[in-house]
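A.B. asks: This is data_28.cif, which holds mmCIF, C-alpha atoms and all ligand atoms:
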data_final
#
loop_
_atom_site.group_PDB
_atom_site.id
_atom_site.type_symbol
_atom_site.label_atom_id
_atom_site.label_comp_id
_atom_site.auth_asym_id
_atom_site.auth_seq_id
_atom_site.Cartn_x
_atom_site.Cartn_y
_atom_site.Cartn_z
ATOM 1 C CA MET A 1 0.000 0.000 0.000
ATOM 2 C CA ALA A 2 1.355 3.478 -0.926
ATOM 3 C CA GLU A 3 2.486 5.572 2.049
ATOM 4 C CA LEU A 4 0.642 8.820 2.715
ATOM 5 C CA ASP A 5 2.328 11.934 1.269
ATOM 6 C CA LEU A 6 3.156 13.668 4.559
ATOM 7 C CA ARG A 7 4.306 16.914 2.971
ATOM 8 C CA ALA A 8 0.966 17.280 1.158
ATOM 9 C CA TYR A 9 -0.948 16.298 4.303
ATOM 10 C CA LEU A 10 0.794 18.942 6.419
ATOM 11 C CA ALA A 11 0.384 21.582 3.703
ATOM 12 C CA LEU A 12 -3.336 20.840 3.697
ATOM 13 C CA ARG A 13 -3.917 20.623 7.448
ATOM 14 C CA LEU A 14 -1.496 22.948 9.216
ATOM 15 C CA PRO A 15 -2.658 26.325 7.813
ATOM 16 C CA GLU A 16 -5.774 26.052 9.986
ATOM 17 C CA VAL A 17 -3.524 25.673 13.044
ATOM 18 C CA GLU A 18 -1.390 28.653 11.967
ATOM 19 C CA ARG A 19 -4.524 30.812 11.635
ATOM 20 C CA ALA A 20 -5.812 29.688 15.025
ATOM 21 C CA LEU A 21 -2.426 30.382 16.650
ATOM 22 C CA ASP A 22 -2.388 33.826 15.092
ATOM 23 C CA ALA A 23 -5.907 34.547 16.354
ATOM 24 C CA ALA A 24 -5.035 33.348 19.869
ATOM 25 C CA LEU A 25 -1.945 35.525 20.176
ATOM 26 C CA PRO A 26 -2.133 39.215 21.039
ATOM 27 C CA GLU A 27 -2.369 41.738 18.253
ATOM 28 C CA ARG A 28 -0.200 44.842 18.130
ATOM 29 C CA GLY A 29 -1.365 47.210 20.821
ATOM 30 C CA ALA A 30 -3.828 44.797 22.392
ATOM 31 C CA TRP A 31 -1.524 43.553 25.174
ATOM 32 C CA PRO A 32 1.647 45.164 26.531
ATOM 33 C CA GLU A 33 3.723 45.552 23.391
ATOM 34 C CA PRO A 34 7.048 44.085 24.652
ATOM 35 C CA LEU A 35 5.208 41.012 25.931
ATOM 36 C CA ALA A 36 3.203 40.554 22.725
ATOM 37 C CA ARG A 37 6.362 40.749 20.599
ATOM 38 C CA ALA A 38 8.250 38.294 22.811
ATOM 39 C CA MET A 39 5.296 35.867 22.774
ATOM 40 C CA ARG A 40 5.109 35.876 19.000
ATOM 41 C CA HIS A 41 8.873 35.621 18.426
ATOM 42 C CA LEU A 42 9.204 31.829 18.578
ATOM 43 C CA VAL A 43 5.642 30.908 17.636
ATOM 44 C CA PHE A 44 6.089 32.423 14.145
ATOM 45 C CA PRO A 45 7.698 30.962 12.183
ATOM 46 C CA GLY A 46 7.315 27.789 14.163
ATOM 47 C CA GLY A 47 9.188 24.514 13.994
ATOM 48 C CA LYS A 48 7.977 21.276 12.492
ATOM 49 C CA ARG A 49 4.581 21.528 14.247
ATOM 50 C CA LEU A 50 4.845 17.816 14.874
ATOM 51 C CA ARG A 51 2.756 17.861 18.045
ATOM 52 C CA ALA A 52 0.003 19.882 16.345
ATOM 53 C CA ALA A 53 -0.013 17.434 13.449
ATOM 54 C CA LEU A 54 -0.332 14.523 15.890
ATOM 55 C CA ALA A 55 -3.419 16.090 17.448
ATOM 56 C CA LEU A 56 -5.120 16.557 14.065
ATOM 57 C CA ALA A 57 -4.149 13.110 12.775
ATOM 58 C CA SER A 58 -5.452 11.476 15.962
ATOM 59 C CA ALA A 59 -8.874 12.995 15.379
ATOM 60 C CA GLU A 60 -8.724 11.552 11.876
ATOM 61 C CA ALA A 61 -7.679 8.132 13.219
ATOM 62 C CA VAL A 62 -10.889 7.953 15.241
ATOM 63 C CA GLY A 63 -12.974 8.871 12.208
ATOM 64 C CA ALA A 64 -13.533 12.580 12.864
ATOM 65 C CA GLU A 65 -12.782 15.806 11.016
ATOM 66 C CA PRO A 66 -9.197 16.867 11.921
ATOM 67 C CA SER A 67 -10.475 20.427 12.460
ATOM 68 C CA ARG A 68 -12.130 19.293 15.686
ATOM 69 C CA ALA A 69 -8.672 18.895 17.232
ATOM 70 C CA VAL A 70 -7.438 22.400 16.345
ATOM 71 C CA PRO A 71 -7.747 23.792 19.918
ATOM 72 C CA MET A 72 -5.623 20.880 21.157
ATOM 73 C CA ALA A 73 -3.104 21.447 18.368
ATOM 74 C CA VAL A 74 -2.832 25.137 19.273
ATOM 75 C CA ALA A 75 -2.604 24.484 23.013
ATOM 76 C CA ILE A 76 0.135 21.884 22.633
ATOM 77 C CA GLU A 77 2.225 24.131 20.360
ATOM 78 C CA LEU A 78 1.889 26.979 22.874
ATOM 79 C CA VAL A 79 3.109 24.752 25.723
ATOM 80 C CA HIS A 80 5.918 23.367 23.558
ATOM 81 C CA THR A 81 6.984 26.920 22.609
ATOM 82 C CA TYR A 82 6.955 28.080 26.236
ATOM 83 C CA SER A 83 9.167 25.132 27.178
ATOM 84 C CA LEU A 84 11.674 25.954 24.443
ATOM 85 C CA ILE A 85 11.826 29.639 25.479
ATOM 86 C CA HIS A 86 12.508 28.703 29.100
ATOM 87 C CA ASP A 87 14.915 25.910 28.133
ATOM 88 C CA ASP A 88 17.043 28.437 26.205
ATOM 89 C CA LEU A 89 17.368 30.828 29.188
ATOM 90 C CA PRO A 90 20.790 31.511 30.745
ATOM 91 C CA CYS A 91 19.755 29.626 33.910
ATOM 92 C CA MET A 92 19.001 26.500 31.855
ATOM 93 C CA ASP A 93 20.731 25.636 28.561
ATOM 94 C CA ASP A 94 21.855 29.214 27.869
ATOM 95 C CA ASP A 95 21.370 29.076 24.102
ATOM 96 C CA ASP A 96 21.631 32.057 21.766
ATOM 97 C CA LEU A 97 20.073 30.405 18.754
ATOM 98 C CA ARG A 98 16.882 28.431 18.230
ATOM 99 C CA ARG A 99 15.671 27.356 14.798
ATOM 100 C CA GLY A 100 18.491 29.419 13.296
ATOM 101 C CA ARG A 101 17.275 32.666 14.903
ATOM 102 C CA PRO A 102 18.163 34.531 18.109
ATOM 103 C CA THR A 103 16.437 33.000 21.126
ATOM 104 C CA VAL A 104 13.679 35.012 22.795
ATOM 105 C CA HIS A 105 15.846 36.273 25.683
ATOM 106 C CA VAL A 106 18.556 37.385 23.230
ATOM 107 C CA ALA A 107 16.077 39.214 20.987
ATOM 108 C CA HIS A 108 13.725 40.624 23.647
ATOM 109 C CA GLY A 109 15.458 40.438 27.046
ATOM 110 C CA GLU A 110 15.513 37.860 29.822
ATOM 111 C CA ALA A 111 12.566 39.123 31.869
ATOM 112 C CA GLU A 112 10.461 39.342 28.707
ATOM 113 C CA ALA A 113 11.391 35.751 27.786
ATOM 114 C CA VAL A 114 10.402 34.422 31.225
ATOM 115 C CA LEU A 115 7.109 36.311 31.099
ATOM 116 C CA ALA A 116 6.387 35.385 27.466
ATOM 117 C CA GLY A 117 6.813 31.715 28.409
ATOM 118 C CA ASP A 118 4.511 32.116 31.409
ATOM 119 C CA ALA A 119 1.886 33.857 29.276
ATOM 120 C CA LEU A 120 2.055 31.217 26.514
ATOM 121 C CA LEU A 121 1.518 28.451 29.081
ATOM 122 C CA ALA A 122 -1.543 30.204 30.495
ATOM 123 C CA LEU A 123 -2.836 30.982 26.992
ATOM 124 C CA ALA A 124 -2.691 27.278 26.110
ATOM 125 C CA PHE A 125 -5.287 26.510 28.784
ATOM 126 C CA GLU A 126 -7.398 29.519 27.808
ATOM 127 C CA VAL A 127 -7.544 28.216 24.226
ATOM 128 C CA LEU A 128 -8.203 24.601 25.164
ATOM 129 C CA LEU A 129 -10.887 25.375 27.747
ATOM 130 C CA GLY A 130 -12.543 27.675 25.204
ATOM 131 C CA THR A 131 -13.058 24.823 22.714
ATOM 132 C CA ALA A 132 -16.455 25.280 21.083
ATOM 133 C CA GLY A 133 -18.692 22.440 19.966
ATOM 134 C CA ALA A 134 -16.957 19.616 21.880
ATOM 135 C CA ASP A 135 -18.295 17.571 24.766
ATOM 136 C CA ALA A 136 -17.578 19.505 28.009
ATOM 137 C CA ALA A 137 -16.198 16.424 29.799
ATOM 138 C CA ALA A 138 -13.837 15.723 26.894
ATOM 139 C CA VAL A 139 -12.522 19.307 27.010
ATOM 140 C CA ARG A 140 -12.031 19.078 30.788
ATOM 141 C CA ASP A 141 -10.196 15.747 30.458
ATOM 142 C CA ALA A 142 -7.955 17.129 27.701
ATOM 143 C CA ALA A 143 -7.095 20.152 29.883
ATOM 144 C CA HIS A 144 -6.424 17.867 32.857
ATOM 145 C CA ASP A 145 -4.096 15.711 30.724
ATOM 146 C CA LEU A 146 -2.288 18.829 29.518
ATOM 147 C CA ALA A 147 -1.807 20.125 33.071
ATOM 148 C CA ARG A 148 -0.308 16.794 34.136
ATOM 149 C CA ALA A 149 1.899 16.533 31.041
ATOM 150 C CA ALA A 150 3.212 20.077 31.488
ATOM 151 C CA GLY A 151 3.847 19.878 35.232
ATOM 152 C CA ALA A 152 5.987 18.079 37.795
ATOM 153 C CA ARG A 153 4.926 14.620 36.606
ATOM 154 C CA GLY A 154 5.760 15.514 33.001
ATOM 155 C CA LEU A 155 7.736 18.231 31.252
ATOM 156 C CA VAL A 156 8.944 20.238 34.254
ATOM 157 C CA GLY A 157 9.795 17.117 36.289
ATOM 158 C CA GLY A 158 11.666 15.636 33.318
ATOM 159 C CA GLN A 159 13.508 18.898 32.780
ATOM 160 C CA ILE A 160 14.850 19.076 36.332
ATOM 161 C CA ASP A 161 15.899 15.425 36.279
ATOM 162 C CA ASP A 162 17.663 16.147 32.992
ATOM 163 C CA LEU A 163 19.425 19.230 34.394
ATOM 164 C CA ARG A 164 20.574 17.308 37.481
ATOM 165 C CA PHE A 165 21.245 14.012 35.699
ATOM 166 C CA ASP A 166 24.250 12.089 37.020
ATOM 167 C CA PRO A 167 25.876 10.290 34.080
ATOM 168 C CA ALA A 168 27.771 8.017 36.483
ATOM 169 C CA GLY A 169 24.549 6.209 37.367
ATOM 170 C CA ALA A 170 23.086 6.290 33.857
ATOM 171 C CA ASP A 171 21.346 3.266 32.437
ATOM 172 C CA ALA A 172 18.775 2.853 29.681
ATOM 173 C CA LYS A 173 15.892 2.854 32.168
ATOM 174 C CA SER A 174 16.855 6.100 33.912
ATOM 175 C CA ILE A 175 17.422 7.864 30.586
ATOM 176 C CA GLU A 176 14.120 6.659 29.134
ATOM 177 C CA SER A 177 12.361 7.803 32.299
ATOM 178 C CA VAL A 178 13.586 11.369 31.698
ATOM 179 C CA HIS A 179 12.697 11.148 27.993
ATOM 180 C CA ALA A 180 9.227 9.865 28.877
ATOM 181 C CA ARG A 181 8.495 12.978 30.931
ATOM 182 C CA LYS A 182 10.491 15.670 29.140
ATOM 183 C CA THR A 183 9.438 14.711 25.618
ATOM 184 C CA ALA A 184 6.897 11.886 25.442
ATOM 185 C CA ALA A 185 4.371 13.425 27.859
ATOM 186 C CA LEU A 186 3.512 16.208 25.390
ATOM 187 C CA PHE A 187 3.445 13.813 22.427
ATOM 188 C CA THR A 188 1.001 11.581 24.294
ATOM 189 C CA CYS A 189 -1.091 14.532 25.346
ATOM 190 C CA ALA A 190 -1.323 15.723 21.720
ATOM 191 C CA ALA A 191 -2.353 12.320 20.393
ATOM 192 C CA VAL A 192 -4.838 11.547 23.179
ATOM 193 C CA GLY A 193 -6.195 15.098 23.424
ATOM 194 C CA GLY A 194 -6.867 15.439 19.703
ATOM 195 C CA ALA A 195 -8.928 12.257 19.850
ATOM 196 C CA ARG A 196 -10.678 13.358 23.049
ATOM 197 C CA LEU A 197 -11.954 16.539 21.378
ATOM 198 C CA ALA A 198 -13.099 14.359 18.467
ATOM 199 C CA GLY A 199 -15.235 12.172 20.763
ATOM 200 C CA ALA A 200 -13.058 9.031 20.871
ATOM 201 C CA ASP A 201 -13.988 6.106 23.124
ATOM 202 C CA ALA A 202 -11.830 4.717 25.971
ATOM 203 C CA ALA A 203 -10.324 1.898 23.888
ATOM 204 C CA ALA A 204 -9.149 4.321 21.199
ATOM 205 C CA LEU A 205 -7.674 6.651 23.825
ATOM 206 C CA ARG A 206 -5.730 3.743 25.364
ATOM 207 C CA ARG A 207 -4.226 2.838 21.996
ATOM 208 C CA LEU A 208 -3.264 6.448 21.345
ATOM 209 C CA ARG A 209 -1.669 6.697 24.793
ATOM 210 C CA ASP A 210 0.461 3.613 24.038
ATOM 211 C CA PHE A 211 1.340 5.106 20.667
ATOM 212 C CA GLY A 212 2.299 8.532 22.069
ATOM 213 C CA GLU A 213 4.396 7.194 24.946
ATOM 214 C CA ARG A 214 6.505 4.998 22.686
ATOM 215 C CA LEU A 215 6.743 7.528 19.884
ATOM 216 C CA GLY A 216 7.840 10.309 22.251
ATOM 217 C CA ILE A 217 10.696 8.260 23.704
ATOM 218 C CA ALA A 218 11.711 7.079 20.218
ATOM 219 C CA PHE A 219 11.700 10.709 19.015
ATOM 220 C CA GLN A 220 13.965 11.825 21.861
ATOM 221 C CA ILE A 221 16.381 8.901 21.397
ATOM 222 C CA ALA A 222 16.533 9.748 17.675
ATOM 223 C CA ASP A 223 17.226 13.354 18.736
ATOM 224 C CA ASP A 224 20.079 12.096 20.946
ATOM 225 C CA ALA A 225 21.507 10.215 17.954
ATOM 226 C CA LEU A 226 21.274 13.329 15.743
ATOM 227 C CA ASP A 227 23.042 15.321 18.446
ATOM 228 C CA ALA A 228 25.853 12.785 18.786
ATOM 229 C CA ASP A 229 28.476 15.497 19.369
ATOM 230 C CA ALA A 230 26.577 17.311 22.119
ATOM 231 C CA GLY A 231 27.876 15.090 24.935
ATOM 232 C CA ASP A 232 24.662 15.553 26.969
ATOM 233 C CA ALA A 233 24.648 13.752 30.316
ATOM 234 C CA CYS A 234 21.186 12.323 29.730
ATOM 235 C CA SER A 235 21.661 10.966 26.217
ATOM 236 C CA TYR A 236 20.868 7.415 25.156
ATOM 237 C CA LEU A 237 24.226 7.393 23.380
ATOM 238 C CA ARG A 238 25.927 7.109 26.773
ATOM 239 C CA VAL A 239 24.554 3.632 27.313
ATOM 240 C CA ALA A 240 24.135 2.289 23.783
ATOM 241 C CA GLY A 241 26.271 4.326 21.361
ATOM 242 C CA GLU A 242 24.862 5.862 18.179
ATOM 243 C CA ARG A 243 23.987 2.567 16.511
ATOM 244 C CA GLY A 244 22.331 1.190 19.643
ATOM 245 C CA ALA A 245 20.336 4.412 20.005
ATOM 246 C CA ARG A 246 19.082 4.205 16.422
ATOM 247 C CA GLU A 247 18.112 0.546 16.926
ATOM 248 C CA ARG A 248 16.230 1.351 20.144
ATOM 249 C CA ALA A 249 14.414 4.252 18.443
ATOM 250 C CA GLU A 250 13.366 1.943 15.589
ATOM 251 C CA ALA A 251 12.169 -0.746 18.007
ATOM 252 C CA LEU A 252 10.052 1.785 19.909
ATOM 253 C CA LEU A 253 8.710 3.180 16.634
ATOM 254 C CA GLU A 254 7.572 -0.331 15.654
ATOM 255 C CA GLU A 255 5.802 -0.694 19.012
ATOM 256 C CA ALA A 256 4.165 2.705 18.525
ATOM 257 C CA LEU A 257 2.959 1.727 15.048
ATOM 258 C CA ALA A 258 1.633 -1.608 16.342
ATOM 259 C CA ALA A 259 -0.578 0.305 18.790
ATOM 260 C CA LEU A 260 -2.340 1.843 15.768
ATOM 261 C CA ASP A 261 -3.250 -1.452 14.059
ATOM 262 C CA ALA A 262 -6.892 -1.407 15.096
ATOM 263 C CA PHE A 263 -7.443 1.995 13.419
ATOM 264 C CA GLY A 264 -6.694 0.672 9.917
ATOM 265 C CA GLU A 265 -6.114 3.164 7.100
ATOM 266 C CA ARG A 266 -7.577 6.066 9.067
ATOM 267 C CA ALA A 267 -4.327 6.191 11.068
ATOM 268 C CA ASP A 268 -2.105 6.530 7.977
ATOM 269 C CA ALA A 269 -1.344 10.179 8.749
ATOM 270 C CA LEU A 270 -0.331 9.263 12.316
ATOM 271 C CA ARG A 271 1.926 6.524 10.933
ATOM 272 C CA ALA A 272 3.569 8.904 8.468
ATOM 273 C CA ILE A 273 4.148 11.561 11.165
ATOM 274 C CA ALA A 274 5.647 8.967 13.515
ATOM 275 C CA ARG A 275 8.040 7.586 10.876
ATOM 276 C CA ALA A 276 9.117 11.051 9.761
ATOM 277 C CA GLY A 277 9.658 12.209 13.357
ATOM 278 C CA VAL A 278 11.860 9.274 14.319
ATOM 279 C CA ARG A 279 13.732 8.885 10.998
ATOM 280 C CA ARG A 280 14.398 12.591 10.434
ATOM 281 C CA SER A 281 17.890 13.754 9.532
ATOM 282 C CA GLU A 282 17.794 17.208 11.199
HETATM 283 C C1 LIG A 301 12.013 24.474 30.503
HETATM 284 C C2 LIG A 301 9.845 23.483 31.349
HETATM 285 C C3 LIG A 301 11.015 23.394 30.492
HETATM 286 C C4 LIG A 301 11.123 22.311 29.698
HETATM 287 C C5 LIG A 301 12.153 22.146 28.726
HETATM 288 C C6 LIG A 301 11.398 21.114 25.663
HETATM 289 C C7 LIG A 301 12.450 21.028 26.697
HETATM 290 C C8 LIG A 301 12.097 20.806 28.087
HETATM 291 C C9 LIG A 301 13.734 21.208 26.367
HETATM 292 C C10 LIG A 301 14.175 21.574 25.007
HETATM 293 C C11 LIG A 301 15.342 20.812 24.608
HETATM 294 C C12 LIG A 301 15.002 19.424 24.215
HETATM 295 C C13 LIG A 301 16.076 18.617 23.628
HETATM 296 C C14 LIG A 301 13.800 18.976 24.430
HETATM 297 C C15 LIG A 301 13.296 17.653 24.141
HETATM 298 C C16 LIG A 301 12.158 17.780 23.254
HETATM 299 C C17 LIG A 301 12.605 18.216 21.911
HETATM 300 C C18 LIG A 301 13.401 17.260 21.064
HETATM 301 C C19 LIG A 301 12.268 19.412 21.512
HETATM 302 C C20 LIG A 301 12.437 19.876 20.147
HETATM 303 O O1 LIG A 301 11.274 19.430 19.487
HETATM 304 P P1 LIG A 301 11.055 19.597 17.951
HETATM 305 O O2 LIG A 301 12.204 18.947 17.202
HETATM 306 O O3 LIG A 301 11.166 21.186 17.806
HETATM 307 O O4 LIG A 301 9.696 19.127 17.596
HETATM 308 P P2 LIG A 301 10.559 22.160 16.718
HETATM 309 O O5 LIG A 301 11.601 23.271 16.607
HETATM 310 O O6 LIG A 301 10.380 21.449 15.408
HETATM 311 O O7 LIG A 301 9.272 22.675 17.278
#
Any chance you could put this one into structure tokens?

C.D. replies:
Amino acid sequence: MAELDLRAYLALRLPEVERALDAALPERGAWPEPLARAMRHLVFPGGKRLRAALALASAEAVGAEPSRAVPMAVAIELVHTYSLIHDDLPCMDDDDLRRGRPTVHVAHGEAEAVLAGDALLALAFEVLLGTAGADAAAVRDAAHDLARAAGARGLVGGQIDDLRFDPAGADAKSIESVHARKTAALFTCAAVGGARLAGADAAALRRLRDFGERLGIAFQIADDALDADAGDACSYLRVAGERGARERAEALLEEALAALDAFGERADALRAIARAGVRRSE
């Protein structure tokens, strides 16, 4: 069977997310100008929008219009962007460049970057909780999932364990535990949340959770392999080398894809996104 043309799929689906992101963000003059500019800096142009695409494709996998997942797609990109802004700060990774452009604190100042991140995180929940036309319990559950994924049990907890990671005690399990929280929690939230807004049943949500958890870890291990020279303490390369990391990422990708079997062809976009995310070359 021919594989879905991912480039065409994203070109068709993502413009709706870009428009919704633009509408959610402050216009010139509407909010304090320095904050509005700092908030927009990293959202436009964005990155691969992988998490947004997962949310839309999950709605499709459960037989719904991808548009129903747009609030989830927007919310997840806003949380992802906040995390990148804060990760780049001098007190964390201290990076000057992100996506080939000056980071937010370099372009707009450190206080503005902290506050822009805070405001993007809050805006994510404003957008998600404002979802129109979806079941109220589904919206609440999606917001609850996002809060957990973004907080101490997810992104923030994974980030501090990464920052304080002791390479002397590193093994595959401890590294995957950090990856599961720092990276896979948001992937899972995107996949499950998109389907929640689309009215998916419990069995479908379970399959998407399995898919997201494995895909997110595979994505981060593939990222470790791409960043082979970085020498990060919490990199899978420390315990398995580059080849071992690529093999582990492939094995997890296969497990993620197996979790989609019951969806049949409707999950082809999810499959294509997963393969492209794990097998990317940059
Ligand atoms: C500061 C709360 C807080 C969290 C930081 C996101 C993060 C945690 C750190 C960024 C550095 C990093 C290696 C994160 C792991 C997740 C990851 C690979 C992010 C980059 O995701 P892509 O490739 O980025 O999807 P684009 O630019 O395409 O959006």

A.B. asks: Exactly which residues make up the result of the PyMOL selection byres (((not hetatm)) within 6 of (chain A and resi 301)) on this file, given as a list of chain:residue names?

C.D. replies: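 Evaluating the PyMOL selection byres (((not hetatm)) within 6 of (chain A and resi 301)) on these coordinates yields A:Gly47, A:Lys48, A:Arg49, A:Leu50, A:Ser83, A:Leu84, A:His86, A:Asp87, A:Leu155, A:Val156, A:Gln159, A:Lys182, A:Thr183, A:Gln220, A:Asp223.
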
A.B. asks: Which residues match the PyMOL selection byres (((chain A and resi 190-203) around 7) and not hetatm) in the file above, as a list in words?

C.D. replies: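 Residues picked by the PyMOL selection byres (((chain A and resi 190-203) around 7) and not hetatm): Arg51, Ala52, Leu54, Ala55, Leu56, Ser58, Ala59, Val62, Ala64, Arg68, Ala69, Met72, Ala73, Ile76, Ala134, Ala138, Val139, Ala142, Leu186, Phe187, Thr188, Cys189, Ala204, Leu205, Arg206, Arg207, Leu208, Arg209 and Gly212 of chain A.
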
A.B. asks: Quick check, in Å to one decimal: how far apart do CA of Ala259 in chain A and CA of Val178 in chain A lie?

C.D. replies: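 The value is 22.1 Å.
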
A.B. asks: Give me the result of the PyMOL selection byres (((chain A and resi 16) around 12) and not hetatm) on this file, residue by residue, as a list in words.

C.D. replies: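 Applied to this file, the PyMOL selection byres (((chain A and resi 16) around 12) and not hetatm) returns Leu10, Ala11, Leu12, Arg13, Leu14, Pro15, Val17, Glu18, Arg19, Ala20, Leu21, Asp22, Ala23, Ala52, Ala53, Leu56, Pro66, Ser67, Arg68, Ala69, Val70, Pro71, Ala73 and Val74 of chain A.
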
A.B. asks: Which of these residues is nearest to Ala150 in chain A, using only C-alpha atoms: A:Ala57, A:Ala122, A:Ala276, A:Leu35?

C.D. replies: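 Among the listed residues, the smallest separation from Ala150 in chain A belongs to A:Ala122.
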
A.B. asks: Tell me which of A:Asp229, A:Glu265, A:Asp94, A:Glu126 sits closest to Val79 in chain A, counting only C-alpha atoms.

C.D. replies: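 The answer is A:Glu126, which sits nearest to Val79 in chain A.
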
A.B. asks: When distances are computed from only C-alpha atoms, which of A:Leu128, A:Ile217, A:Ala38, A:Ala75 shows the smallest separation from Glu255 in chain A?

C.D. replies: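 The closest residue to Glu255 in chain A is A:Ile217.
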
A.B. asks: Ranking A:Leu270, A:Leu252, A:Ala180, A:Leu123 by minimum distance to Leu4 in chain A and counting all atoms listed in the file, which one comes first?

C.D. replies: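 Counting all atoms listed in the file, the residue closest to Leu4 in chain A is A:Leu270.
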